[in-house]
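K.L.:
My structure is stored as entry.cif, with mmCIF, C-alpha atoms.
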data_work
#
loop_
_atom_site.group_PDB
_atom_site.id
_atom_site.type_symbol
_atom_site.label_atom_id
_atom_site.label_comp_id
_atom_site.auth_asym_id
_atom_site.auth_seq_id
_atom_site.Cartn_x
_atom_site.Cartn_y
_atom_site.Cartn_z
ATOM 1 C CA ALA U 11 112.360 108.019 111.454
ATOM 2 C CA GLN U 12 109.813 105.968 109.583
ATOM 3 C CA SER U 13 111.036 102.484 108.839
ATOM 4 C CA VAL U 14 110.053 98.976 107.857
ATOM 5 C CA SER U 15 111.901 95.992 109.234
ATOM 6 C CA GLN U 16 111.895 92.491 107.806
ATOM 7 C CA HIS U 17 113.259 90.026 110.312
ATOM 8 C CA ASN U 18 114.645 87.379 108.007
ATOM 9 C CA HIS U 19 117.134 88.230 105.291
ATOM 10 C CA HIS U 20 117.464 84.752 103.859
ATOM 11 C CA VAL U 21 115.091 81.853 104.351
ATOM 12 C CA ILE U 22 115.615 78.339 103.017
ATOM 13 C CA LEU U 23 112.708 75.906 103.007
ATOM 14 C CA SER U 24 111.848 72.577 101.479
ATOM 15 C CA GLU U 25 108.818 72.252 99.255
ATOM 16 C CA ALA U 26 105.552 71.835 101.172
ATOM 17 C CA ALA U 27 106.940 73.568 104.246
ATOM 18 C CA SER U 28 104.994 76.436 105.745
ATOM 19 C CA LEU U 29 106.238 79.978 105.384
ATOM 20 C CA GLU U 30 106.006 83.014 107.609
ATOM 21 C CA LEU U 31 107.958 86.174 106.855
ATOM 22 C CA GLY U 32 107.957 88.869 109.478
ATOM 23 C CA CYS U 33 107.417 92.574 108.833
ATOM 24 C CA ASN U 34 107.237 95.363 111.397
ATOM 25 C CA TYR U 35 106.847 99.052 110.722
ATOM 26 C CA SER U 36 107.274 102.187 112.743
ATOM 27 C CA TYR U 37 104.580 104.720 112.009
ATOM 28 C CA GLY U 38 101.850 106.346 113.953
ATOM 29 C CA GLY U 39 98.381 106.593 112.588
ATOM 30 C CA THR U 40 96.759 104.951 109.620
ATOM 31 C CA VAL U 41 98.947 103.051 107.217
ATOM 32 C CA ASN U 42 98.525 101.095 104.022
ATOM 33 C CA LEU U 43 100.538 97.899 103.878
ATOM 34 C CA PHE U 44 101.850 95.882 100.971
ATOM 35 C CA TRP U 45 103.796 92.770 100.170
ATOM 36 C CA TYR U 46 105.629 92.624 96.854
ATOM 37 C CA VAL U 47 107.502 89.735 95.287
ATOM 38 C CA GLN U 48 110.393 89.900 92.853
ATOM 39 C CA TYR U 49 111.084 86.654 91.001
ATOM 40 C CA PRO U 50 114.576 86.237 89.563
ATOM 41 C CA GLY U 51 114.984 88.545 86.604
ATOM 42 C CA GLN U 52 111.473 89.922 86.870
ATOM 43 C CA HIS U 53 109.877 93.110 88.094
ATOM 44 C CA LEU U 54 108.191 93.711 91.415
ATOM 45 C CA GLN U 55 104.702 92.252 91.581
ATOM 46 C CA LEU U 56 102.039 92.995 94.145
ATOM 47 C CA LEU U 57 101.179 89.952 96.253
ATOM 48 C CA LEU U 58 98.621 91.566 98.512
ATOM 49 C CA LYS U 59 97.694 94.803 100.216
ATOM 50 C CA TYR U 60 95.880 95.999 103.292
ATOM 51 C CA PHE U 61 94.093 99.315 103.495
ATOM 52 C CA SER U 62 91.344 98.708 106.030
ATOM 53 C CA GLY U 63 88.769 96.158 107.138
ATOM 54 C CA ASP U 64 89.496 92.492 107.777
ATOM 55 C CA PRO U 65 93.069 92.317 109.055
ATOM 56 C CA LEU U 66 93.560 88.930 107.403
ATOM 57 C CA VAL U 67 94.267 89.619 103.753
ATOM 58 C CA LYS U 68 94.429 87.018 101.017
ATOM 59 C CA GLY U 69 96.569 87.596 97.987
ATOM 60 C CA ILE U 70 97.666 85.820 94.872
ATOM 61 C CA LYS U 71 99.300 82.405 94.664
ATOM 62 C CA GLY U 72 97.987 81.257 98.041
ATOM 63 C CA PHE U 73 99.688 83.957 100.093
ATOM 64 C CA GLU U 74 98.016 85.725 102.984
ATOM 65 C CA ALA U 75 99.047 88.322 105.533
ATOM 66 C CA GLU U 76 97.741 89.405 108.893
ATOM 67 C CA PHE U 77 97.774 92.984 110.093
ATOM 68 C CA ILE U 78 98.189 93.229 113.863
ATOM 69 C CA LYS U 79 97.894 96.885 114.737
ATOM 70 C CA SER U 80 99.010 96.500 118.341
ATOM 71 C CA LYS U 81 102.235 94.872 117.200
ATOM 72 C CA PHE U 82 102.788 97.122 114.162
ATOM 73 C CA SER U 83 103.180 93.936 112.168
ATOM 74 C CA PHE U 84 102.097 92.616 108.787
ATOM 75 C CA ASN U 85 103.465 89.101 108.477
ATOM 76 C CA LEU U 86 103.247 87.126 105.253
ATOM 77 C CA ARG U 87 102.249 83.473 105.324
ATOM 78 C CA LYS U 88 101.789 80.526 103.017
ATOM 79 C CA PRO U 89 100.787 77.077 104.255
ATOM 80 C CA SER U 90 102.793 75.110 101.705
ATOM 81 C CA VAL U 91 105.532 76.624 99.558
ATOM 82 C CA GLN U 92 106.521 75.500 96.099
ATOM 83 C CA TRP U 93 109.829 75.648 94.292
ATOM 84 C CA SER U 94 108.342 78.419 92.125
ATOM 85 C CA ASP U 95 108.005 80.630 95.214
ATOM 86 C CA THR U 96 111.765 81.141 95.183
ATOM 87 C CA ALA U 97 112.052 84.921 95.038
ATOM 88 C CA GLU U 98 112.725 88.045 97.029
ATOM 89 C CA TYR U 99 109.874 89.375 99.126
ATOM 90 C CA PHE U 100 109.437 92.983 100.158
ATOM 91 C CA CYS U 101 107.151 94.471 102.743
ATOM 92 C CA ALA U 102 106.183 98.103 102.153
ATOM 93 C CA VAL U 103 104.231 100.820 103.886
ATOM 94 C CA ASN U 104 102.668 104.012 102.635
ATOM 95 C CA ALA U 105 104.011 107.020 104.416
ATOM 96 C CA PRO U 106 101.487 108.758 106.651
ATOM 97 C CA GLY U 107 99.105 111.174 105.049
ATOM 98 C CA SER U 108 99.050 109.042 101.993
ATOM 99 C CA ASN U 109 97.336 107.733 99.001
ATOM 100 C CA THR U 110 100.595 108.954 97.626
ATOM 101 C CA GLY U 111 103.210 107.006 95.799
ATOM 102 C CA LYS U 112 105.787 107.142 98.550
ATOM 103 C CA LEU U 113 106.351 103.584 99.675
ATOM 104 C CA ILE U 114 108.836 102.749 102.397
ATOM 105 C CA PHE U 115 110.261 99.281 101.783
ATOM 106 C CA GLY U 116 111.836 96.775 104.073
ATOM 107 C CA GLN U 117 115.222 95.410 103.131
ATOM 108 C CA GLY U 118 113.727 92.298 101.599
ATOM 109 C CA THR U 119 113.784 88.599 102.373
ATOM 110 C CA THR U 120 115.268 86.129 99.939
ATOM 111 C CA LEU U 121 113.311 82.881 99.956
ATOM 112 C CA GLN U 122 114.938 79.779 98.528
ATOM 113 C CA VAL U 123 112.708 76.745 98.184
ATOM 114 C CA LYS U 124 114.475 73.437 97.686
ATOM 115 C CA PRO U 125 112.698 70.846 95.533
ATOM 116 C CA LYS S 26 96.176 96.439 79.231
ATOM 117 C CA ALA S 27 99.805 97.507 78.864
ATOM 118 C CA GLY S 28 101.881 97.664 82.024
ATOM 119 C CA VAL S 29 104.376 100.253 83.130
ATOM 120 C CA THR S 30 107.012 100.676 80.454
ATOM 121 C CA GLN S 31 110.503 101.846 81.230
ATOM 122 C CA THR S 32 113.132 102.704 78.673
ATOM 123 C CA PRO S 33 115.878 101.965 78.125
ATOM 124 C CA ARG S 34 116.300 98.616 79.893
ATOM 125 C CA TYR S 35 120.064 98.970 80.208
ATOM 126 C CA LEU S 36 122.439 101.894 80.180
ATOM 127 C CA ILE S 37 126.165 102.254 80.609
ATOM 128 C CA LYS S 38 127.439 105.737 81.326
ATOM 129 C CA THR S 39 130.728 107.302 82.345
ATOM 130 C CA ARG S 40 131.277 109.218 85.560
ATOM 131 C CA GLY S 41 130.397 112.859 85.152
ATOM 132 C CA GLN S 42 127.862 112.285 82.395
ATOM 133 C CA GLN S 43 124.158 112.773 82.765
ATOM 134 C CA VAL S 44 121.357 110.336 81.996
ATOM 135 C CA THR S 45 117.623 110.496 81.364
ATOM 136 C CA LEU S 46 115.309 107.596 82.047
ATOM 137 C CA SER S 47 111.746 107.335 80.832
ATOM 138 C CA CYS S 48 108.611 105.826 82.295
ATOM 139 C CA SER S 49 105.210 105.406 80.652
ATOM 140 C CA PRO S 50 102.553 104.577 83.249
ATOM 141 C CA ILE S 51 99.507 102.413 82.803
ATOM 142 C CA SER S 52 96.888 104.280 80.812
ATOM 143 C CA GLY S 53 94.803 106.408 83.156
ATOM 144 C CA HIS S 54 97.283 106.345 86.004
ATOM 145 C CA ARG S 55 98.265 109.844 87.043
ATOM 146 C CA SER S 56 100.716 109.061 89.826
ATOM 147 C CA VAL S 57 104.238 108.043 88.891
ATOM 148 C CA SER S 58 106.876 107.236 91.491
ATOM 149 C CA TRP S 59 110.560 106.473 91.086
ATOM 150 C CA TYR S 60 112.735 104.189 93.183
ATOM 151 C CA GLN S 61 116.376 103.239 93.274
ATOM 152 C CA GLN S 62 117.224 99.601 94.022
ATOM 153 C CA THR S 63 120.722 98.588 95.063
ATOM 154 C CA PRO S 64 122.014 95.479 96.878
ATOM 155 C CA GLY S 65 123.270 97.572 99.769
ATOM 156 C CA GLN S 66 120.469 100.084 100.286
ATOM 157 C CA GLY S 67 117.506 98.130 98.960
ATOM 158 C CA LEU S 68 114.564 100.013 97.499
ATOM 159 C CA GLN S 69 114.640 103.727 98.170
ATOM 160 C CA PHE S 70 112.028 106.268 97.170
ATOM 161 C CA LEU S 71 113.269 109.021 94.883
ATOM 162 C CA PHE S 72 110.199 111.129 94.082
ATOM 163 C CA GLU S 73 106.583 111.035 93.022
ATOM 164 C CA TYR S 74 104.716 113.043 90.435
ATOM 165 C CA PHE S 75 101.001 113.551 90.179
ATOM 166 C CA SER S 76 99.378 115.658 87.485
ATOM 167 C CA GLU S 77 102.741 117.116 86.458
ATOM 168 C CA THR S 78 103.591 118.220 90.008
ATOM 169 C CA GLN S 79 106.154 116.714 92.320
ATOM 170 C CA ARG S 80 104.167 115.512 95.308
ATOM 171 C CA ASN S 81 106.857 113.810 97.362
ATOM 172 C CA LYS S 82 110.622 113.707 97.377
ATOM 173 C CA GLY S 83 113.039 111.290 98.981
ATOM 174 C CA ASN S 84 116.453 111.942 100.462
ATOM 175 C CA PHE S 85 118.543 112.117 97.354
ATOM 176 C CA PRO S 86 120.866 114.907 96.233
ATOM 177 C CA GLY S 87 119.751 117.565 93.797
ATOM 178 C CA ARG S 88 121.543 115.727 90.987
ATOM 179 C CA PHE S 89 118.456 113.560 90.845
ATOM 180 C CA SER S 90 115.491 115.280 89.272
ATOM 181 C CA GLY S 91 112.340 114.394 87.443
ATOM 182 C CA ARG S 92 109.341 115.687 85.638
ATOM 183 C CA GLN S 93 105.979 114.533 84.421
ATOM 184 C CA PHE S 94 104.272 115.446 81.201
ATOM 185 C CA SER S 95 100.615 116.130 80.524
ATOM 186 C CA ASN S 96 100.136 112.550 79.275
ATOM 187 C CA SER S 97 101.480 111.303 82.662
ATOM 188 C CA ARG S 98 104.697 109.981 81.165
ATOM 189 C CA SER S 99 107.615 110.754 83.432
ATOM 190 C CA GLU S 100 111.336 111.178 83.093
ATOM 191 C CA MET S 101 114.053 111.212 85.682
ATOM 192 C CA ASN S 102 117.434 112.761 85.170
ATOM 193 C CA VAL S 103 120.676 112.188 86.983
ATOM 194 C CA SER S 104 123.424 114.689 86.368
ATOM 195 C CA THR S 105 127.133 114.407 87.087
ATOM 196 C CA LEU S 106 126.941 110.649 87.477
ATOM 197 C CA GLU S 107 128.901 108.935 90.222
ATOM 198 C CA LEU S 108 129.894 105.284 90.515
ATOM 199 C CA GLY S 109 127.452 104.950 93.400
ATOM 200 C CA ASP S 110 124.557 105.823 91.125
ATOM 201 C CA SER S 111 124.821 102.387 89.530
ATOM 202 C CA ALA S 112 121.499 100.770 90.336
ATOM 203 C CA LEU S 113 118.209 99.487 89.056
ATOM 204 C CA TYR S 114 115.823 102.412 88.713
ATOM 205 C CA LEU S 115 112.188 101.456 89.042
ATOM 206 C CA CYS S 116 109.097 103.360 88.143
ATOM 207 C CA ALA S 117 105.650 102.651 89.561
ATOM 208 C CA SER S 118 102.275 104.005 88.605
ATOM 209 C CA SER S 119 99.042 104.177 90.508
ATOM 210 C CA LEU S 120 95.464 105.199 89.842
ATOM 211 C CA LYS S 121 94.444 106.456 93.276
ATOM 212 C CA GLY S 122 97.050 105.035 95.612
ATOM 213 C CA ASN S 123 95.208 101.744 95.351
ATOM 214 C CA GLY S 124 98.287 99.650 94.792
ATOM 215 C CA TYR S 125 101.324 100.458 92.755
ATOM 216 C CA THR S 126 102.341 98.667 89.565
ATOM 217 C CA PHE S 127 106.045 98.561 88.869
ATOM 218 C CA GLY S 128 107.888 98.515 85.590
ATOM 219 C CA SER S 129 110.814 96.231 84.794
ATOM 220 C CA GLY S 130 113.287 98.975 85.521
ATOM 221 C CA THR S 131 116.319 100.534 83.907
ATOM 222 C CA ARG S 132 119.631 99.109 84.975
ATOM 223 C CA LEU S 133 122.186 101.896 85.025
ATOM 224 C CA THR S 134 125.881 101.112 85.216
ATOM 225 C CA VAL S 135 128.294 103.964 85.784
ATOM 226 C CA VAL S 136 131.912 103.265 84.859
#
Just give me the structure as structure tokens.
P.N.:
Amino acid sequence: AQSVSQHNHHVILSEAASLELGCNYSYGGTVNLFWYVQYPGQHLQLLLKYFSGDPLVKGIKGFEAEFIKSKFSFNLRKPSVQWSDTAEYFCAVNAPGSNTGKLIFGQGTTLQVKP
Amino acid sequence: KAGVTQTPRYLIKTRGQQVTLSCSPISGHRSVSWYQQTPGQGLQFLFEYFSETQRNKGNFPGRFSGRQFSNSRSEMNVSTLELGDSALYLCASSLKGNGYTFGSGTRLTVV
């Protein structure tokens, strides 16, 4: 079955530390990849997306992600986190045959940044 | 530019009742998708509508249904509510699959 796996359920970092959140997916063929963030009490917001082209994607708020096709991975990174990055992060994949609205989400990673 | 609007924000219903949730997509967006978010199961895809037609459906029982109107607004309905239906229901709209914008959700509590 199609699935998305996020390796870390809960990550605690100090401000200025570097962040890497893992995401692996199980699909064959072409996929579209997304990272969403959900700040406490707020709705899901798109951080970045990958459809094709340069596998290193830059998003908002200093986040970036690298698509490694051979590893079926799309890891999220940020060189230096801030307290305001405390949130839940979701990796998502379009189901095959897409440009449809069916996103398969990972279980989410809660990031807590200590001031 | 207005975002995705979901109404109501909160609902409390009794087991066995039915409920209708509404979603108004971003102007011009023709795809509307619905998701259920719970602490245990995470974000799960319910269904997607495009130009008033259901284009995809997730693995939910037939008690969960939806529709889309000619102005792209969408509703989802849950009949014969169960305690396990308590969740945050999210709607997302898209122009051409080029990213999906989510609404703030409707938090449904079934008692």
K.L.:
Once the PyMOL selection byres ((chain U and resi 52-61) around 10) is applied to the coordinates I shared, what remains selected? I want it as JSON, numbers by chain.
P.N.:
{"U": [40, 41, 42, 43, 44, 45, 46, 47, 48, 49, 50, 51, 62, 63, 64, 65, 66, 67, 68, 69, 70, 71, 72, 73, 74, 75, 76, 77, 84, 86, 97, 98, 99, 100, 101, 102, 103, 104], "S": [115, 117, 123, 124, 125, 126, 127, 128, 129, 130]}
K.L.:
Run through the PyMOL selection byres ((chain S and resi 44) around 7) on the given coordinates and return the selected residues as a list of chain:residue names.
P.N.:
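Output of the PyMOL selection byres ((chain S and resi 44) around 7): S:Gln42, S:Gln43, S:Thr45, S:Leu46, S:Asn102, S:Val103, S:Ser104.
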K.L.:
Selected residues, C-alpha atoms, written as a short mmCIF file (atom, residue, chain, number, x, y, z; two decimals), in the frame of the given file, please.
P.N.:
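Written output follows (out_22.cif):
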data_model
loop_
_atom_site.label_atom_id
_atom_site.label_comp_id
_atom_site.auth_asym_id
_atom_site.auth_seq_id
_atom_site.Cartn_x
_atom_site.Cartn_y
_atom_site.Cartn_z
CA GLN S 42 127.86 112.28 82.40
CA GLN S 43 124.16 112.77 82.76
CA THR S 45 117.62 110.50 81.36
CA LEU S 46 115.31 107.60 82.05
CA ASN S 102 117.43 112.76 85.17
CA VAL S 103 120.68 112.19 86.98
CA SER S 104 123.42 114.69 86.37
#
K.L.:
Convert the output of the PyMOL selection byres ((chain S) within 12 of (chain U)) on the shown file into explicit residues, formatted as a PyMOL selection string.
P.N.:
chain S and resi 28-31+34+54-75+79-84+113-132
K.L.:
Quote the spacing between CA of Lys81 in chain U and CA of Tyr35 in chain U in Å to one decimal place.
P.N.:
9.0 Å
K.L.:
To one decimal place in Å, what is the distance between CA of Leu121 in chain U and CA of Ile78 in chain U?
P.N.:
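So the two atoms, CA of Leu121 in chain U and CA of Ile78 in chain U, lie 23.0 Å apart.
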K.L.:
Could you give me the centre and size, in Å to one decimal, of an axis-aligned box around all listed atoms of range 93-98 of chain S with 3 Å added on every side, as JSON?
P.N.:
{"center_x": 103.1, "center_y": 113.1, "center_z": 81.8, "size_x": 11.8, "size_y": 12.1, "size_z": 11.1}
K.L.:
Enter the distance from CA of Gly109 in chain S to CA of Ser47 in chain S, in Å, rounded to one decimal.
P.N.:
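Rounded to one decimal, the two atoms are 20.3 Å apart.
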K.L.:
List the neighbours of Ala27 in chain S out to 10 Å using only C-alpha atoms; skip same-chain residues closer than 6 positions along the sequence, and give me the result as a PyMOL selection string.
P.N.:
chain S and resi 49-52
K.L.:
Given the choices U:Tyr37, U:Lys124, U:Asp95, U:Arg87, which gets closest to Leu23 in chain U if the distance is worked out from only C-alpha atoms?
P.N.:
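For Leu23 in chain U, the nearest of the candidates is U:Lys124.
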